[in-house]
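Shown next: structure28.pdb, containing PDB, C-alpha atoms.
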ATOM      1  CA  GLU T   1     -36.135  33.665  35.630
ATOM      2  CA  GLU T   2     -37.853  33.583  39.033
ATOM      3  CA  SER T   3     -35.586  30.720  40.138
ATOM      4  CA  ILE T   4     -32.478  32.653  39.119
ATOM      5  CA  GLU T   5     -33.691  35.685  41.061
ATOM      6  CA  TYR T   6     -34.485  33.556  44.115
ATOM      7  CA  TYR T   7     -31.067  31.919  44.212
ATOM      8  CA  SER T   8     -29.386  35.235  43.515
ATOM      9  CA  VAL T   9     -31.003  36.734  46.616
ATOM     10  CA  LEU T  10     -30.221  33.597  48.635
ATOM     11  CA  ARG T  11     -26.566  33.784  47.645
ATOM     12  CA  ALA T  12     -26.461  37.474  48.527
ATOM     13  CA  LEU T  13     -27.983  36.742  51.937
ATOM     14  CA  ARG T  14     -25.400  34.070  52.666
ATOM     15  CA  ALA T  15     -22.591  36.452  51.766
ATOM     16  CA  MET T  16     -24.232  39.168  53.838
ATOM     17  CA  GLU T  17     -24.206  36.991  56.962
ATOM     18  CA  ARG T  18     -20.396  36.779  56.713
ATOM     19  CA  ALA T  19     -19.873  40.453  55.944
ATOM     20  CA  ASP T  20     -19.179  43.593  57.938
ATOM     21  CA  ILE T  21     -19.573  45.832  54.884
ATOM     22  CA  VAL T  22     -21.962  45.129  52.010
ATOM     23  CA  MET T  23     -20.963  46.578  48.642
ATOM     24  CA  LEU T  24     -24.115  46.950  46.577
ATOM     25  CA  VAL T  25     -22.981  47.014  42.932
ATOM     26  CA  VAL T  26     -25.347  48.925  40.650
ATOM     27  CA  ASP T  27     -25.115  48.847  36.864
ATOM     28  CA  ALA T  28     -24.884  52.524  35.875
ATOM     29  CA  ALA T  29     -26.483  51.934  32.472
ATOM     30  CA  GLU T  30     -29.324  49.820  33.862
ATOM     31  CA  GLY T  31     -29.927  51.997  36.888
ATOM     32  CA  LEU T  32     -31.102  50.999  40.321
ATOM     33  CA  THR T  33     -33.391  47.956  40.171
ATOM     34  CA  ALA T  34     -36.039  46.675  42.576
ATOM     35  CA  GLN T  35     -33.694  43.777  43.329
ATOM     36  CA  ASP T  36     -30.918  46.210  44.294
ATOM     37  CA  ALA T  37     -33.243  48.050  46.669
ATOM     38  CA  HIS T  38     -34.476  44.757  48.141
ATOM     39  CA  ILE T  39     -30.964  43.540  48.926
ATOM     40  CA  ALA T  40     -29.996  46.946  50.355
ATOM     41  CA  GLY T  41     -33.051  46.783  52.621
ATOM     42  CA  LEU T  42     -32.030  43.346  53.870
ATOM     43  CA  ALA T  43     -28.523  44.627  54.615
ATOM     44  CA  TRP T  44     -29.979  47.606  56.497
ATOM     45  CA  GLU T  45     -32.228  45.356  58.590
ATOM     46  CA  ARG T  46     -29.150  43.309  59.522
ATOM     47  CA  TYR T  47     -27.219  46.464  60.520
ATOM     48  CA  ARG T  48     -24.489  45.905  57.963
ATOM     49  CA  GLY T  49     -22.372  48.735  56.660
ATOM     50  CA  ILE T  50     -23.556  49.585  53.133
ATOM     51  CA  LEU T  51     -21.485  51.028  50.312
ATOM     52  CA  VAL T  52     -23.212  51.652  46.970
ATOM     53  CA  VAL T  53     -20.870  51.048  44.015
ATOM     54  CA  VAL T  54     -22.098  52.428  40.680
ATOM     55  CA  ASN T  55     -20.143  50.402  38.113
ATOM     56  CA  LYS T  56     -19.817  50.933  34.334
ATOM     57  CA  TRP T  57     -19.863  54.664  34.950
ATOM     58  CA  ASP T  58     -17.822  55.123  31.770
ATOM     59  CA  LEU T  59     -20.879  54.084  29.721
ATOM     60  CA  VAL T  60     -23.096  56.930  30.938
ATOM     61  CA  SER T  61     -20.708  59.630  32.136
ATOM     62  CA  GLY T  62     -20.944  62.649  29.890
ATOM     63  CA  ARG T  63     -24.467  62.008  28.685
ATOM     64  CA  PRO T  64     -26.770  65.037  28.800
ATOM     65  CA  GLY T  65     -28.342  65.388  32.243
ATOM     66  CA  VAL T  66     -26.182  62.645  33.765
ATOM     67  CA  ASP T  67     -23.676  63.456  36.478
ATOM     68  CA  GLU T  68     -22.635  61.978  39.806
ATOM     69  CA  GLU T  69     -24.682  64.376  41.924
ATOM     70  CA  ARG T  70     -27.921  63.649  40.071
ATOM     71  CA  TYR T  71     -27.248  59.924  40.177
ATOM     72  CA  ILE T  72     -26.693  60.070  43.934
ATOM     73  CA  GLN T  73     -29.919  62.042  44.369
ATOM     74  CA  GLU T  74     -31.822  59.338  42.491
ATOM     75  CA  ILE T  75     -30.297  56.622  44.678
ATOM     76  CA  ARG T  76     -31.278  58.590  47.791
ATOM     77  CA  ARG T  77     -34.815  59.015  46.449
ATOM     78  CA  ARG T  78     -35.225  55.325  45.641
ATOM     79  CA  MET T  79     -33.594  54.071  48.847
ATOM     80  CA  GLN T  80     -34.562  56.577  51.516
ATOM     81  CA  PHE T  81     -33.804  54.064  54.273
ATOM     82  CA  ILE T  82     -30.053  54.408  53.589
ATOM     83  CA  PRO T  83     -29.754  58.199  53.369
ATOM     84  CA  ASN T  84     -26.127  58.331  54.498
ATOM     85  CA  SER T  85     -24.539  55.324  52.820
ATOM     86  CA  PRO T  86     -21.580  56.464  50.682
ATOM     87  CA  VAL T  87     -21.722  56.126  46.895
ATOM     88  CA  CYS T  88     -18.674  55.419  44.719
ATOM     89  CA  PHE T  89     -18.441  55.468  40.932
ATOM     90  CA  THR T  90     -16.286  52.917  39.154
ATOM     91  CA  SER T  91     -15.385  51.409  35.822
ATOM     92  CA  ALA T  92     -14.059  47.892  36.257
ATOM     93  CA  LEU T  93     -13.174  47.783  32.561
ATOM     94  CA  HIS T  94     -10.906  50.825  32.834
ATOM     95  CA  GLN T  95      -9.885  50.143  36.460
ATOM     96  CA  GLN T  96     -11.208  53.510  37.590
ATOM     97  CA  GLY T  97     -12.460  54.291  41.081
ATOM     98  CA  VAL T  98     -11.582  50.918  42.592
ATOM     99  CA  GLY T  99      -9.134  52.473  45.039
ATOM    100  CA  ASP T 100     -11.857  54.873  46.228
ATOM    101  CA  VAL T 101     -14.151  51.917  46.929
ATOM    102  CA  VAL T 102     -11.550  50.191  49.095
ATOM    103  CA  ARG T 103     -10.689  53.375  51.005
ATOM    104  CA  THR T 104     -14.350  54.184  51.606
ATOM    105  CA  ALA T 105     -15.081  50.651  52.798
ATOM    106  CA  PHE T 106     -12.317  50.971  55.392
ATOM    107  CA  GLU T 107     -13.713  54.344  56.495
ATOM    108  CA  VAL T 108     -17.132  52.770  57.040
ATOM    109  CA  TYR T 109     -15.577  49.869  58.938
ATOM    110  CA  GLU T 110     -13.503  52.154  61.178
ATOM    111  CA  GLU T 111     -16.622  54.167  61.996
ATOM    112  CA  ARG T 112     -18.476  50.995  62.912
ATOM    113  CA  MET T 113     -15.685  50.033  65.326
ATOM    114  CA  ARG T 114     -15.568  53.379  67.116
ATOM    115  CA  GLN T 115     -16.057  53.575  70.876
ATOM    116  CA  VAL T 116     -17.669  56.815  72.033
ATOM    117  CA  PRO T 117     -16.779  58.343  75.426
ATOM    118  CA  HIS T 118     -19.626  58.005  77.901
ATOM    119  CA  SER T 119     -19.725  61.759  78.536
ATOM    120  CA  GLU T 120     -20.433  62.437  74.846
ATOM    121  CA  ILE T 121     -23.225  59.859  74.784
ATOM    122  CA  HIS T 122     -24.727  61.373  77.925
ATOM    123  CA  ARG T 123     -24.723  64.905  76.481
ATOM    124  CA  ALA T 124     -26.205  63.777  73.172
ATOM    125  CA  VAL T 125     -29.039  61.819  74.784
ATOM    126  CA  MET T 126     -29.824  64.492  77.351
ATOM    127  CA  ALA T 127     -30.099  67.087  74.581
ATOM    128  CA  ALA T 128     -32.299  64.845  72.427
ATOM    129  CA  VAL T 129     -34.621  63.856  75.274
ATOM    130  CA  GLY T 130     -34.786  67.447  76.529
ATOM    131  CA  GLU T 131     -35.889  68.787  73.145
ATOM    132  CA  HIS T 132     -38.280  65.945  72.383
ATOM    133  CA  PRO T 133     -39.287  63.911  75.494
ATOM    134  CA  PRO T 134     -40.173  60.229  75.061
ATOM    135  CA  PRO T 135     -43.857  59.494  74.533
ATOM    136  CA  ALA T 136     -45.786  58.361  77.581
ATOM    137  CA  ALA T 137     -46.603  54.685  78.042
ATOM    138  CA  GLY T 138     -50.283  55.069  78.763
ATOM    139  CA  SER T 139     -50.508  57.023  82.001
ATOM    140  CA  ARG T 140     -46.857  56.360  82.838
ATOM    141  CA  PRO T 141     -44.183  58.769  81.621
ATOM    142  CA  LEU T 142     -41.358  56.960  79.853
ATOM    143  CA  ARG T 143     -38.006  57.816  81.429
ATOM    144  CA  VAL T 144     -34.521  57.063  80.142
ATOM    145  CA  ARG T 145     -32.603  56.267  83.309
ATOM    146  CA  ARG T 146     -29.211  55.674  81.736
ATOM    147  CA  VAL T 147     -27.613  54.906  78.402
ATOM    148  CA  PHE T 148     -24.292  53.375  77.419
ATOM    149  CA  GLN T 149     -22.534  51.948  74.385
ATOM    150  CA  GLY T 150     -23.049  48.205  74.450
ATOM    151  CA  GLY T 151     -20.918  47.179  71.483
ATOM    152  CA  VAL T 152     -19.485  47.938  68.076
ATOM    153  CA  ASN T 153     -19.916  46.693  64.512
ATOM    154  CA  PRO T 154     -22.620  47.950  64.506
ATOM    155  CA  PRO T 155     -22.336  50.678  67.131
ATOM    156  CA  THR T 156     -24.907  49.651  69.725
ATOM    157  CA  PHE T 157     -26.403  51.944  72.350
ATOM    158  CA  VAL T 158     -28.369  50.518  75.259
ATOM    159  CA  PHE T 159     -31.130  52.633  76.795
ATOM    160  CA  VAL T 160     -32.223  51.573  80.263
ATOM    161  CA  THR T 161     -35.749  52.825  80.904
ATOM    162  CA  ASN T 162     -38.592  52.342  83.321
ATOM    163  CA  TYR T 163     -40.830  50.815  80.646
ATOM    164  CA  PRO T 164     -39.216  50.055  77.269
ATOM    165  CA  GLU T 165     -41.915  48.026  75.507
ATOM    166  CA  PRO T 166     -43.952  50.858  73.970
ATOM    167  CA  VAL T 167     -41.020  52.784  72.468
ATOM    168  CA  HIS T 168     -42.304  53.644  69.015
ATOM    169  CA  PHE T 169     -40.098  53.128  65.982
ATOM    170  CA  SER T 170     -40.491  56.801  65.053
ATOM    171  CA  TYR T 171     -38.972  57.868  68.388
ATOM    172  CA  MET T 172     -36.189  55.316  67.971
ATOM    173  CA  ARG T 173     -35.480  56.805  64.546
ATOM    174  CA  TYR T 174     -35.444  60.286  66.081
ATOM    175  CA  LEU T 175     -32.931  59.197  68.714
ATOM    176  CA  GLU T 176     -30.744  57.472  66.128
ATOM    177  CA  ASN T 177     -30.680  60.562  63.925
ATOM    178  CA  ARG T 178     -29.766  62.756  66.877
ATOM    179  CA  LEU T 179     -27.007  60.388  67.983
ATOM    180  CA  ARG T 180     -25.635  60.132  64.466
ATOM    181  CA  ALA T 181     -25.437  63.918  64.176
ATOM    182  CA  ALA T 182     -24.079  64.577  67.668
ATOM    183  CA  LEU T 183     -21.544  61.743  67.687
ATOM    184  CA  ASP T 184     -20.468  62.157  64.025
ATOM    185  CA  PHE T 185     -21.576  58.805  62.655
ATOM    186  CA  ARG T 186     -21.679  59.718  58.976
ATOM    187  CA  TYR T 187     -22.140  56.355  57.311
ATOM    188  CA  THR T 188     -23.332  53.592  59.569
ATOM    189  CA  HIS T 189     -26.674  52.455  60.931
ATOM    190  CA  LEU T 190     -26.872  52.525  64.759
ATOM    191  CA  ARG T 191     -28.514  49.774  66.777
ATOM    192  CA  LEU T 192     -30.613  51.057  69.682
ATOM    193  CA  VAL T 193     -31.566  48.558  72.381
ATOM    194  CA  PHE T 194     -34.122  49.357  75.068
ATOM    195  CA  LYS T 195     -34.068  47.450  78.356
ATOM    196  CA  ARG T 196     -36.155  47.701  81.475
ATOM    197  CA  ASP T 197     -34.300  48.802  84.574
ATOM    198  CA  SER T 198     -34.169  45.947  87.067
ATOM    199  CA  ASP T 199     -33.939  48.545  89.859
ATOM    200  CA  ARG T 200     -37.492  49.868  89.510
ATOM    201  CA  THR T 201     -37.150  52.088  92.546
ATOM    202  CA  GLY T 202     -34.302  54.096  91.039
ATOM    203  CA  GLY T 203     -34.745  57.566  89.717
ATOM    204  CA  GLY T 204     -32.463  59.717  87.666
ATOM    205  CA  GLY T 205     -32.385  60.691  84.041
ATOM    206  CA  ALA T 206     -30.392  59.803  80.949
ATOM    207  CA  GLY T 207     -26.860  58.810  81.686
ATOM    208  CA  SER T 208     -27.298  58.623  85.455
TER     209      SER T 208
END
Spit out the file's structure as structure tokens when you get a sec.
Amino acid sequence: EESIEYYSVLRALRAMERADIVMLVVDAAEGLTAQDAHIAGLAWERYRGILVVVNKWDLVSGRPGVDEERYIQEIRRRMQFIPNSPVCFTSALHQQGVGDVVRTAFEVYEERMRQVPHSEIHRAVMAAVGEHPPPAAGSRPLRVRRVFQGGVNPPTFVFVTNYPEPVHFSYMRYLENRLRAALDFRYTHLRLVFKRDSDRTGGGGAGS
């Protein structure tokens, strides 16, 4: 049993390396397993788009206390690291919901390929930094000198600072959440990259 589980994860990882979007198929009757959460976590760490597909929904739909909203809430509770990944409900046996899965996957992919105008990035970062300034690096205040979109799939935002090493993961998460809300990234994980400004004499703030 342990060998089967090991090779199952290994196969999933190999497929994940070739994928833009990972469809995590959950057995509706069995519920979310530890293995499901583990694979979703690996996909999140690799910045893949994640779509949760609850299959065999016909077996549980209509049971007392079971509906889509409650099922989604349970998925969110068990996998808090993917709070915005879309959830689709399907029945492969009855060919229900498959079209929704395909359409949603394309929506996630299109979002991951979106280029954001520099002015919108500048406004979003300035607002976020103004409301919650970066933590100081010892006695040195941490300053975001400029920020730009460095790539897509996943959307990548490069922050050029005076001293990037001590940026805490909690502040990175804060910035990601603010960017997601301000720039309307509903589904996808954002990659934030912090680099030290080679021009150490420069001043300015975010977006300069």
Pull out every residue that the PyMOL selection byres ((chain T and resi 142) around 8) matches in the shown coordinates and put them as a list in words.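 Taken on the displayed file, the PyMOL selection byres ((chain T and resi 142) around 8) yields the residues Pro134, Pro135, Ala136, Ala137, Arg140, Pro141, Arg143, Val144, Thr161, Asn162, Tyr163 and Pro164 of chain T.
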Report as JSON, numbers by chain all protein, DNA and RNA residues lying within 12 Å of Ala34 (chain T), evaluated on only C-alpha atoms, omitting residues in the same chain fewer than 5 positions from it. {"T": [5, 9, 26, 39, 40, 41, 75, 78, 79]}
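Each of T:Phe169, T:Tyr187, T:Tyr47, T:Tyr174 was compared to Ser85 (chain T) using all atoms listed in the file, and T:Tyr187 turns out to be the nearest.
Candidate residues T:Met172, T:Val87, T:Val98, T:Leu179 were compared for distance to Ile121 (chain T), and the nearest is T:Leu179, using only C-alpha atoms.
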Distance CA of Pro133 (chain T)-CA of Ile82 (chain T), one decimal place?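 Between CA of Pro133 (chain T) and CA of Ile82 (chain T) the gap works out to 25.6 Å.
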Once the PyMOL selection byres ((chain T and resi 123-131) around 8) is applied to the coordinates I shared, what remains selected? I want it as JSON, numbers by chain. {"T": [119, 120, 121, 122, 132, 133, 134, 147, 175, 178, 179, 182, 183, 206, 207]}
